[in-house]
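Q: What follows is input-v4.cif, mmCIF, C-alpha atoms.
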data_final
#
loop_
_atom_site.group_PDB
_atom_site.id
_atom_site.type_symbol
_atom_site.label_atom_id
_atom_site.label_comp_id
_atom_site.auth_asym_id
_atom_site.auth_seq_id
_atom_site.Cartn_x
_atom_site.Cartn_y
_atom_site.Cartn_z
ATOM 1 C CA MET H 5 32.132 -24.288 -2.556
ATOM 2 C CA TRP H 6 28.395 -24.008 -2.238
ATOM 3 C CA VAL H 7 27.171 -20.481 -2.869
ATOM 4 C CA VAL H 8 23.819 -19.236 -1.611
ATOM 5 C CA PRO H 9 21.866 -17.585 -4.484
ATOM 6 C CA THR H 10 20.577 -14.060 -3.947
ATOM 7 C CA ILE H 11 16.851 -13.460 -3.554
ATOM 8 C CA PRO H 12 15.300 -13.523 -7.069
ATOM 9 C CA PRO H 13 12.986 -10.654 -8.102
ATOM 10 C CA ALA H 14 10.195 -13.160 -8.819
ATOM 11 C CA LEU H 15 9.752 -13.758 -5.088
ATOM 12 C CA TYR H 16 9.282 -10.052 -4.385
ATOM 13 C CA LEU H 17 6.820 -9.811 -7.285
ATOM 14 C CA MET H 18 4.875 -12.828 -5.999
ATOM 15 C CA LEU H 19 4.679 -11.336 -2.509
ATOM 16 C CA SER H 20 3.472 -8.089 -4.033
ATOM 17 C CA GLY H 21 0.838 -9.969 -6.028
ATOM 18 C CA ILE H 22 -0.361 -11.806 -2.925
ATOM 19 C CA LEU H 23 -0.639 -8.576 -0.930
ATOM 20 C CA PHE H 24 -2.516 -6.924 -3.804
ATOM 21 C CA THR H 25 -4.937 -9.845 -4.007
ATOM 22 C CA ILE H 26 -5.593 -9.704 -0.272
ATOM 23 C CA GLY H 27 -6.371 -6.010 -0.726
ATOM 24 C CA VAL H 28 -8.757 -6.812 -3.592
ATOM 25 C CA ILE H 29 -10.575 -9.447 -1.520
ATOM 26 C CA GLY H 30 -10.942 -7.003 1.367
ATOM 27 C CA ALA H 31 -12.201 -4.190 -0.866
ATOM 28 C CA LEU H 32 -14.759 -6.515 -2.469
ATOM 29 C CA THR H 33 -16.079 -8.194 0.666
ATOM 30 C CA ARG H 34 -16.034 -5.669 3.516
ATOM 31 C CA ARG H 35 -18.883 -3.250 4.150
ATOM 32 C CA ASN H 36 -17.254 -0.708 6.417
ATOM 33 C CA ALA H 37 -16.036 2.135 4.193
ATOM 34 C CA ILE H 38 -12.964 2.791 6.330
ATOM 35 C CA VAL H 39 -11.835 -0.845 6.046
ATOM 36 C CA VAL H 40 -12.405 -0.705 2.277
ATOM 37 C CA PHE H 41 -10.253 2.414 2.245
ATOM 38 C CA MET H 42 -7.505 0.607 4.193
ATOM 39 C CA CYS H 43 -7.628 -2.235 1.659
ATOM 40 C CA ILE H 44 -7.125 0.285 -1.138
ATOM 41 C CA GLU H 45 -4.063 1.574 0.713
ATOM 42 C CA LEU H 46 -2.793 -2.013 0.921
ATOM 43 C CA MET H 47 -3.174 -2.344 -2.839
ATOM 44 C CA LEU H 48 -1.281 0.899 -3.464
ATOM 45 C CA ASN H 49 1.422 -0.386 -1.154
ATOM 46 C CA ALA H 50 1.739 -3.666 -3.058
ATOM 47 C CA VAL H 51 2.103 -1.750 -6.312
ATOM 48 C CA ASN H 52 4.831 0.354 -4.690
ATOM 49 C CA LEU H 53 6.671 -2.833 -3.789
ATOM 50 C CA THR H 54 6.564 -3.888 -7.440
ATOM 51 C CA PHE H 55 7.907 -0.515 -8.552
ATOM 52 C CA ILE H 56 10.825 -0.669 -6.107
ATOM 53 C CA THR H 57 11.631 -4.291 -6.971
ATOM 54 C CA LEU H 58 11.772 -3.642 -10.702
ATOM 55 C CA SER H 59 13.715 -0.433 -10.163
ATOM 56 C CA ARG H 60 16.271 -2.392 -8.127
ATOM 57 C CA PHE H 61 16.652 -5.276 -10.551
ATOM 58 C CA LEU H 62 16.611 -3.146 -13.706
ATOM 59 C CA GLN H 63 19.007 -0.726 -11.987
ATOM 60 C CA SER H 64 16.957 2.329 -12.759
ATOM 61 C CA MET H 65 15.801 5.160 -10.519
ATOM 62 C CA ASP H 66 12.449 5.861 -12.195
ATOM 63 C CA GLY H 67 10.578 3.259 -10.146
ATOM 64 C CA VAL H 68 11.634 4.911 -6.899
ATOM 65 C CA ILE H 69 10.354 8.275 -8.128
ATOM 66 C CA PHE H 70 7.063 6.713 -9.166
ATOM 67 C CA ALA H 71 6.682 5.059 -5.766
ATOM 68 C CA PHE H 72 7.230 8.515 -4.248
ATOM 69 C CA PHE H 73 4.440 9.966 -6.419
ATOM 70 C CA VAL H 74 2.129 7.084 -5.529
ATOM 71 C CA MET H 75 2.690 7.874 -1.848
ATOM 72 C CA ALA H 76 1.852 11.542 -2.435
ATOM 73 C CA VAL H 77 -1.370 10.543 -4.212
ATOM 74 C CA ALA H 78 -2.213 8.134 -1.366
ATOM 75 C CA ALA H 79 -1.786 10.939 1.172
ATOM 76 C CA ALA H 80 -4.064 13.251 -0.823
ATOM 77 C CA GLU H 81 -6.593 10.451 -1.176
ATOM 78 C CA ALA H 82 -6.533 9.813 2.575
ATOM 79 C CA ALA H 83 -7.222 13.471 3.366
ATOM 80 C CA VAL H 84 -10.134 13.858 0.949
ATOM 81 C CA GLY H 85 -11.557 10.353 1.462
ATOM 82 C CA LEU H 86 -11.697 10.594 5.225
ATOM 83 C CA ALA H 87 -13.280 14.050 4.985
ATOM 84 C CA ILE H 88 -15.960 12.492 2.751
ATOM 85 C CA PHE H 89 -16.516 9.703 5.309
ATOM 86 C CA VAL H 90 -16.983 12.217 8.123
ATOM 87 C CA MET H 91 -19.464 14.188 5.994
ATOM 88 C CA LEU H 92 -21.304 10.993 5.047
ATOM 89 C CA TYR H 93 -21.565 9.944 8.664
ATOM 90 C CA ARG H 94 -22.976 13.347 9.548
ATOM 91 C CA SER H 95 -25.757 13.099 6.971
ATOM 92 C CA LYS H 96 -26.532 9.341 6.918
ATOM 93 C CA GLU H 97 -25.396 8.151 10.380
ATOM 94 C CA THR H 98 -23.650 5.201 8.736
ATOM 95 C CA ILE H 99 -20.604 4.478 6.617
ATOM 96 C CA ASN H 100 -21.598 1.021 5.407
ATOM 97 C CA VAL H 101 -20.953 1.063 1.702
ATOM 98 C CA ASP H 102 -24.105 -0.910 0.873
ATOM 99 C CA GLU H 103 -26.365 1.522 2.713
ATOM 100 C CA VAL H 104 -24.968 4.610 1.025
ATOM 101 C CA ASN H 105 -26.974 5.097 -2.160
ATOM 102 C CA LEU H 106 -27.224 8.858 -2.500
ATOM 103 C CA LEU H 107 -26.217 8.774 -6.161
ATOM 104 C CA LYS H 108 -28.332 5.743 -7.078
ATOM 105 C CA TRP H 109 -31.536 6.227 -9.087
ATOM 106 C CA MET S 140 32.047 -17.499 3.129
ATOM 107 C CA ALA S 141 31.200 -14.174 4.708
ATOM 108 C CA GLU S 142 29.066 -13.187 1.707
ATOM 109 C CA ASN S 143 27.296 -16.524 1.989
ATOM 110 C CA PHE S 144 26.294 -15.706 5.535
ATOM 111 C CA GLY S 145 25.173 -12.251 4.501
ATOM 112 C CA ILE S 146 22.945 -13.601 1.747
ATOM 113 C CA LEU S 147 21.597 -16.332 4.046
ATOM 114 C CA PHE S 148 20.710 -13.641 6.564
ATOM 115 C CA GLN S 149 18.926 -11.681 3.819
ATOM 116 C CA TRP S 150 16.922 -14.800 2.949
ATOM 117 C CA LEU S 151 15.938 -15.264 6.585
ATOM 118 C CA ILE S 152 14.814 -11.639 6.894
ATOM 119 C CA PHE S 153 12.936 -11.793 3.598
ATOM 120 C CA LEU S 154 11.047 -14.988 4.408
ATOM 121 C CA GLY S 155 10.167 -13.867 7.937
ATOM 122 C CA VAL S 156 9.012 -10.423 6.841
ATOM 123 C CA ALA S 157 7.038 -11.830 3.900
ATOM 124 C CA PHE S 158 5.249 -14.287 6.186
ATOM 125 C CA VAL S 159 4.443 -11.621 8.780
ATOM 126 C CA SER S 160 3.196 -9.167 6.140
ATOM 127 C CA ILE S 161 0.857 -11.746 4.567
ATOM 128 C CA VAL S 162 -0.548 -12.795 7.949
ATOM 129 C CA ALA S 163 -0.967 -9.179 9.055
ATOM 130 C CA SER S 164 -2.745 -8.186 5.835
ATOM 131 C CA LEU S 165 -5.064 -11.186 6.182
ATOM 132 C CA LEU S 166 -5.865 -9.982 9.690
ATOM 133 C CA VAL S 167 -6.540 -6.481 8.298
ATOM 134 C CA ILE S 168 -9.361 -7.787 6.125
ATOM 135 C CA THR S 169 -10.813 -10.232 8.669
ATOM 136 C CA ARG S 170 -10.959 -8.297 11.963
ATOM 137 C CA LYS S 171 -14.388 -6.960 12.858
ATOM 138 C CA ASN S 172 -13.097 -3.971 14.785
ATOM 139 C CA PRO S 173 -11.699 -1.295 12.409
ATOM 140 C CA ILE S 174 -9.158 -0.172 15.033
ATOM 141 C CA HIS S 175 -7.593 -3.644 15.015
ATOM 142 C CA SER S 176 -7.527 -3.526 11.206
ATOM 143 C CA ALA S 177 -5.700 -0.190 11.332
ATOM 144 C CA LEU S 178 -3.103 -1.502 13.786
ATOM 145 C CA PHE S 179 -2.451 -4.615 11.697
ATOM 146 C CA MET S 180 -2.125 -2.359 8.672
ATOM 147 C CA VAL S 181 0.683 -0.527 10.481
ATOM 148 C CA LEU S 182 2.419 -3.910 10.896
ATOM 149 C CA THR S 183 2.033 -4.687 7.182
ATOM 150 C CA LEU S 184 3.396 -1.298 6.181
ATOM 151 C CA LEU S 185 6.409 -1.667 8.479
ATOM 152 C CA CYS S 186 7.140 -5.107 6.980
ATOM 153 C CA VAL S 187 7.060 -3.616 3.496
ATOM 154 C CA ALA S 188 9.414 -0.872 4.716
ATOM 155 C CA VAL S 189 11.877 -3.597 5.787
ATOM 156 C CA LEU S 190 11.606 -5.066 2.274
ATOM 157 C CA TYR S 191 12.473 -1.648 0.824
ATOM 158 C CA VAL S 192 15.633 -1.624 2.952
ATOM 159 C CA LEU S 193 16.491 -5.089 1.600
ATOM 160 C CA LEU S 194 16.023 -3.680 -1.922
ATOM 161 C CA HIS S 195 18.582 -0.912 -1.268
ATOM 162 C CA SER S 196 16.032 1.909 -1.119
ATOM 163 C CA PRO S 197 16.401 3.428 2.360
ATOM 164 C CA PHE S 198 14.797 6.718 1.274
ATOM 165 C CA ILE S 199 11.524 5.083 0.260
ATOM 166 C CA ALA S 200 11.614 2.943 3.412
ATOM 167 C CA ILE S 201 11.829 6.056 5.605
ATOM 168 C CA VAL S 202 9.108 7.831 3.637
ATOM 169 C CA GLN S 203 6.967 4.704 3.981
ATOM 170 C CA VAL S 204 7.307 4.726 7.762
ATOM 171 C CA VAL S 205 6.745 8.471 8.086
ATOM 172 C CA VAL S 206 3.960 9.017 5.558
ATOM 173 C CA TYR S 207 2.092 5.693 5.526
ATOM 174 C CA ALA S 208 2.587 4.198 8.969
ATOM 175 C CA GLY S 209 2.753 7.616 10.604
ATOM 176 C CA ALA S 210 0.481 10.109 8.899
ATOM 177 C CA ILE S 211 -2.105 8.127 6.931
ATOM 178 C CA VAL S 212 -2.819 5.458 9.549
ATOM 179 C CA MET S 213 -2.904 8.110 12.261
ATOM 180 C CA LEU S 214 -5.534 9.960 10.210
ATOM 181 C CA ILE S 215 -7.536 6.744 9.748
ATOM 182 C CA VAL S 216 -7.450 5.910 13.460
ATOM 183 C CA PHE S 217 -8.448 9.481 14.261
ATOM 184 C CA VAL S 218 -11.499 9.271 11.967
ATOM 185 C CA ILE S 219 -12.478 5.837 13.347
ATOM 186 C CA MET S 220 -12.471 7.325 16.825
ATOM 187 C CA LEU S 221 -14.458 10.379 15.688
ATOM 188 C CA LEU S 222 -17.211 8.215 14.223
ATOM 189 C CA ASP S 223 -19.290 6.083 16.520
ATOM 190 C CA LEU S 224 -18.936 2.680 14.895
ATOM 191 C CA GLU S 225 -20.281 0.640 17.788
ATOM 192 C CA THR S 226 -23.391 -0.298 15.831
ATOM 193 C CA GLU S 227 -21.308 -1.503 12.887
ATOM 194 C CA LEU S 228 -19.680 -4.095 15.097
ATOM 195 C CA ARG S 229 -22.982 -5.625 16.088
ATOM 196 C CA SER S 230 -24.618 -5.636 12.663
ATOM 197 C CA LYS S 231 -24.590 -9.099 11.113
ATOM 198 C CA LEU S 232 -23.060 -9.608 7.713
ATOM 199 C CA LYS S 233 -25.832 -10.736 5.414
ATOM 200 C CA ILE S 234 -24.069 -10.644 2.075
ATOM 201 C CA VAL S 235 -22.580 -14.112 1.606
ATOM 202 C CA TYR S 236 -22.776 -14.130 -2.170
ATOM 203 C CA SER S 237 -20.548 -11.091 -2.509
ATOM 204 C CA LYS S 238 -17.915 -12.808 -0.338
ATOM 205 C CA VAL S 239 -17.968 -15.982 -2.419
ATOM 206 C CA ILE S 240 -17.954 -14.179 -5.753
ATOM 207 C CA GLY S 241 -15.356 -11.643 -4.591
ATOM 208 C CA GLY S 242 -13.078 -14.365 -3.266
ATOM 209 C CA PHE S 243 -13.388 -16.343 -6.477
ATOM 210 C CA VAL S 244 -12.621 -13.357 -8.692
ATOM 211 C CA ALA S 245 -9.659 -12.417 -6.515
ATOM 212 C CA ALA S 246 -8.272 -15.974 -6.590
ATOM 213 C CA LEU S 247 -8.495 -15.929 -10.378
ATOM 214 C CA PHE S 248 -6.711 -12.602 -10.335
ATOM 215 C CA LEU S 249 -3.941 -13.961 -8.085
ATOM 216 C CA PHE S 250 -3.492 -16.904 -10.425
ATOM 217 C CA GLY S 251 -3.075 -14.491 -13.332
ATOM 218 C CA ILE S 252 -0.481 -12.428 -11.486
ATOM 219 C CA LEU S 253 1.545 -15.437 -10.336
ATOM 220 C CA TYR S 254 1.453 -17.007 -13.795
ATOM 221 C CA THR S 255 2.709 -13.797 -15.376
ATOM 222 C CA VAL S 256 5.489 -13.424 -12.822
ATOM 223 C CA VAL S 257 6.689 -17.017 -13.153
ATOM 224 C CA ALA S 258 6.336 -17.266 -16.929
ATOM 225 C CA LYS S 259 8.253 -14.140 -17.847
ATOM 226 C CA SER S 260 11.268 -12.625 -16.176
ATOM 227 C CA PRO S 261 11.429 -8.825 -16.178
ATOM 228 C CA THR S 262 13.069 -7.603 -19.335
ATOM 229 C CA GLY S 263 14.121 -4.146 -20.318
ATOM 230 C CA GLN S 264 17.139 -1.945 -20.653
ATOM 231 C CA THR S 265 19.087 -1.840 -17.428
ATOM 232 C CA GLY S 266 19.915 1.640 -16.279
ATOM 233 C CA SER S 267 23.040 3.090 -14.773
ATOM 234 C CA TYR S 268 22.041 2.883 -11.116
ATOM 235 C CA THR S 269 24.030 -0.095 -9.887
ATOM 236 C CA PRO S 270 23.732 -1.136 -6.210
ATOM 237 C CA GLU S 271 26.989 0.668 -5.448
ATOM 238 C CA LYS S 272 25.595 3.880 -6.869
ATOM 239 C CA MET S 273 22.303 3.334 -5.052
ATOM 240 C CA ALA S 274 24.172 3.504 -1.729
ATOM 241 C CA GLY S 275 23.718 7.274 -1.861
ATOM 242 C CA ASN S 276 20.034 6.673 -2.485
ATOM 243 C CA VAL S 277 18.697 9.941 -1.094
ATOM 244 C CA LYS S 278 21.064 12.025 -3.195
ATOM 245 C CA ALA S 279 20.221 10.041 -6.335
ATOM 246 C CA VAL S 280 16.483 10.423 -5.701
ATOM 247 C CA GLY S 281 16.889 14.165 -5.209
ATOM 248 C CA GLU S 282 18.891 14.560 -8.398
ATOM 249 C CA MET S 283 16.330 12.617 -10.400
ATOM 250 C CA LEU S 284 13.381 14.414 -8.799
ATOM 251 C CA PHE S 285 14.645 17.908 -9.532
ATOM 252 C CA THR S 286 15.942 17.329 -13.050
ATOM 253 C CA LYS S 287 14.076 14.698 -15.063
ATOM 254 C CA TYR S 288 10.862 14.675 -13.013
ATOM 255 C CA LEU S 289 10.620 18.356 -12.094
ATOM 256 C CA PHE S 290 7.285 18.936 -13.847
ATOM 257 C CA PRO S 291 5.481 15.914 -12.308
ATOM 258 C CA PHE S 292 6.873 17.005 -8.957
ATOM 259 C CA GLU S 293 5.217 20.416 -9.320
ATOM 260 C CA ILE S 294 1.965 18.760 -10.424
ATOM 261 C CA VAL S 295 2.036 16.631 -7.273
ATOM 262 C CA SER S 296 2.472 19.737 -5.155
ATOM 263 C CA ILE S 297 -0.607 21.288 -6.824
ATOM 264 C CA LEU S 298 -2.490 18.036 -6.192
ATOM 265 C CA LEU S 299 -1.600 18.171 -2.493
ATOM 266 C CA VAL S 300 -2.769 21.773 -2.199
ATOM 267 C CA ALA S 301 -6.038 20.838 -3.908
ATOM 268 C CA ALA S 302 -6.447 17.920 -1.480
ATOM 269 C CA ILE S 303 -5.882 20.188 1.534
ATOM 270 C CA ILE S 304 -8.459 22.701 0.314
ATOM 271 C CA GLY S 305 -10.905 19.937 -0.563
ATOM 272 C CA ALA S 306 -10.602 18.316 2.855
ATOM 273 C CA VAL S 307 -11.133 21.627 4.641
ATOM 274 C CA ILE S 308 -14.177 22.541 2.540
ATOM 275 C CA LEU S 309 -15.715 19.057 2.878
ATOM 276 C CA SER S 310 -15.366 18.871 6.641
ATOM 277 C CA LYS S 311 -16.492 22.438 7.259
ATOM 278 C CA LYS S 312 -19.863 22.766 8.980
ATOM 279 C CA ARG S 313 -22.619 24.041 6.715
ATOM 280 C CA THR S 314 -23.891 27.415 7.878
#
Could you render the structure from this file as structure tokens?

A:
Amino acid sequence: MWVVPTIPPALYLMLSGILFTIGVIGALTRRNAIVVFMCIELMLNAVNLTFITLSRFLQSMDGVIFAFFVMAVAAAEAAVGLAIFVMLYRSKETINVDEVNLLKW
Amino acid sequence: MAENFGILFQWLIFLGVAFVSIVASLLVITRKNPIHSALFMVLTLLCVAVLYVLLHSPFIAIVQVVVYAGAIVMLIVFVIMLLDLETELRSKLKIVYSKVIGGFVAALFLFGILYTVVAKSPTGQTGSYTPEKMAGNVKAVGEMLFTKYLFPFEIVSILLVAAIIGAVILSKKRT
């Protein structure tokens, strides 16, 4: 009888790699700081997918815990990052990343 | 036969969700309006949550929906609406070189990732959490979190408190 194979981990890892690359392209090419921030969240999310996949196929729980910590860090980053954007907009009237050069000399 | 159908169904869900997540994330980085980007990001995050359910991790899937798709994207949309980004929409993109170079570097990067994934299967000692044991995923996560990873857990709580204080101080009006 013909048996359907289960989904191999390589497919999940490839999907995660593709999502990460899309995040990298967005972070490198967009100018709006909020969109760059969203791309960074996409990258964190792709890494989380890798953690969960390996934790499932190596039958270990550590990857799940690490994904949990990554989410906590992403939440903290969102709070502080968006506060910085609001402050930047107040002082510079723009959040384009190529027009913000306060620390450049 | 019944298992065959189950696995076939899993394949269908996986392929559909993978396709939708890739398309949605491409739309995130190509839409001009940041609100549209944020909404497509919600779609991507929900697709990844479905993948977590397929990988027998319902706890992480729920946290993904609540924290990412709920809290973080809500915060992003809120900030987009606070800032007046109407002028950003009209401004022409003048940096073509950065797009070409960035795309090239990222394609190289993707090639590296895919080569690594295909060339080498994940090795390592398999642990004791078989899929049957993972069925009580939330309980297992809790046990792990409060025994082996208790110290990192406390560090994360300190990090969150620091982030709260930092956000409040940053967004406070200067007097």

Q: Name the residues captured by the PyMOL selection byres ((chain S) within 7 of (chain H)) when it is applied to the shown file; answer as a ChimeraX atom specification.

A: /S:143,146-147,150,157,161,164-165,168,173,194,211,218,237-238,241-242,245,249,252-253,256-257,265-269,280,284,299,302,305-306,309-310

Q: Could the residues in this selection be written to a file with C-alpha atoms, as an mmCIF file, in the frame of the given file?

A:
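For reference, again12.cif as written:
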data_model
loop_
_atom_site.group_PDB
_atom_site.id
_atom_site.type_symbol
_atom_site.label_atom_id
_atom_site.label_comp_id
_atom_site.auth_asym_id
_atom_site.auth_seq_id
_atom_site.Cartn_x
_atom_site.Cartn_y
_atom_site.Cartn_z
ATOM 1 C CA ASN S 143 27.296 -16.524 1.989
ATOM 2 C CA ILE S 146 22.945 -13.601 1.747
ATOM 3 C CA LEU S 147 21.597 -16.332 4.046
ATOM 4 C CA TRP S 150 16.922 -14.800 2.949
ATOM 5 C CA ALA S 157 7.038 -11.830 3.900
ATOM 6 C CA ILE S 161 0.857 -11.746 4.567
ATOM 7 C CA SER S 164 -2.745 -8.186 5.835
ATOM 8 C CA LEU S 165 -5.064 -11.186 6.182
ATOM 9 C CA ILE S 168 -9.361 -7.787 6.125
ATOM 10 C CA PRO S 173 -11.699 -1.295 12.409
ATOM 11 C CA LEU S 194 16.023 -3.680 -1.922
ATOM 12 C CA ILE S 211 -2.105 8.127 6.931
ATOM 13 C CA VAL S 218 -11.499 9.271 11.967
ATOM 14 C CA SER S 237 -20.548 -11.091 -2.509
ATOM 15 C CA LYS S 238 -17.915 -12.808 -0.338
ATOM 16 C CA GLY S 241 -15.356 -11.643 -4.591
ATOM 17 C CA GLY S 242 -13.078 -14.365 -3.266
ATOM 18 C CA ALA S 245 -9.659 -12.417 -6.515
ATOM 19 C CA LEU S 249 -3.941 -13.961 -8.085
ATOM 20 C CA ILE S 252 -0.481 -12.428 -11.486
ATOM 21 C CA LEU S 253 1.545 -15.437 -10.336
ATOM 22 C CA VAL S 256 5.489 -13.424 -12.822
ATOM 23 C CA VAL S 257 6.689 -17.017 -13.153
ATOM 24 C CA THR S 265 19.087 -1.840 -17.428
ATOM 25 C CA GLY S 266 19.915 1.640 -16.279
ATOM 26 C CA SER S 267 23.040 3.090 -14.773
ATOM 27 C CA TYR S 268 22.041 2.883 -11.116
ATOM 28 C CA THR S 269 24.030 -0.095 -9.887
ATOM 29 C CA VAL S 280 16.483 10.423 -5.701
ATOM 30 C CA LEU S 284 13.381 14.414 -8.799
ATOM 31 C CA LEU S 299 -1.600 18.171 -2.493
ATOM 32 C CA ALA S 302 -6.447 17.920 -1.480
ATOM 33 C CA GLY S 305 -10.905 19.937 -0.563
ATOM 34 C CA ALA S 306 -10.602 18.316 2.855
ATOM 35 C CA LEU S 309 -15.715 19.057 2.878
ATOM 36 C CA SER S 310 -15.366 18.871 6.641
#

Q: What gap, in Å, lies between CA of Leu151 (chain S) and CA of Gly251 (chain S)?

A: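 A separation of 27.5 Å between them.
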
Q: Which residues, written as a list in words, have at least one atom at most 6 Å from region 180-193 of chain S, with all atoms listed in the file counted and residues fewer than 6 positions away on the same chain left out?

A: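 Near region 180-193 of chain S, the qualifying residues are Val156, Ser160, Ala163, Ala200 and Ala208 of chain S.
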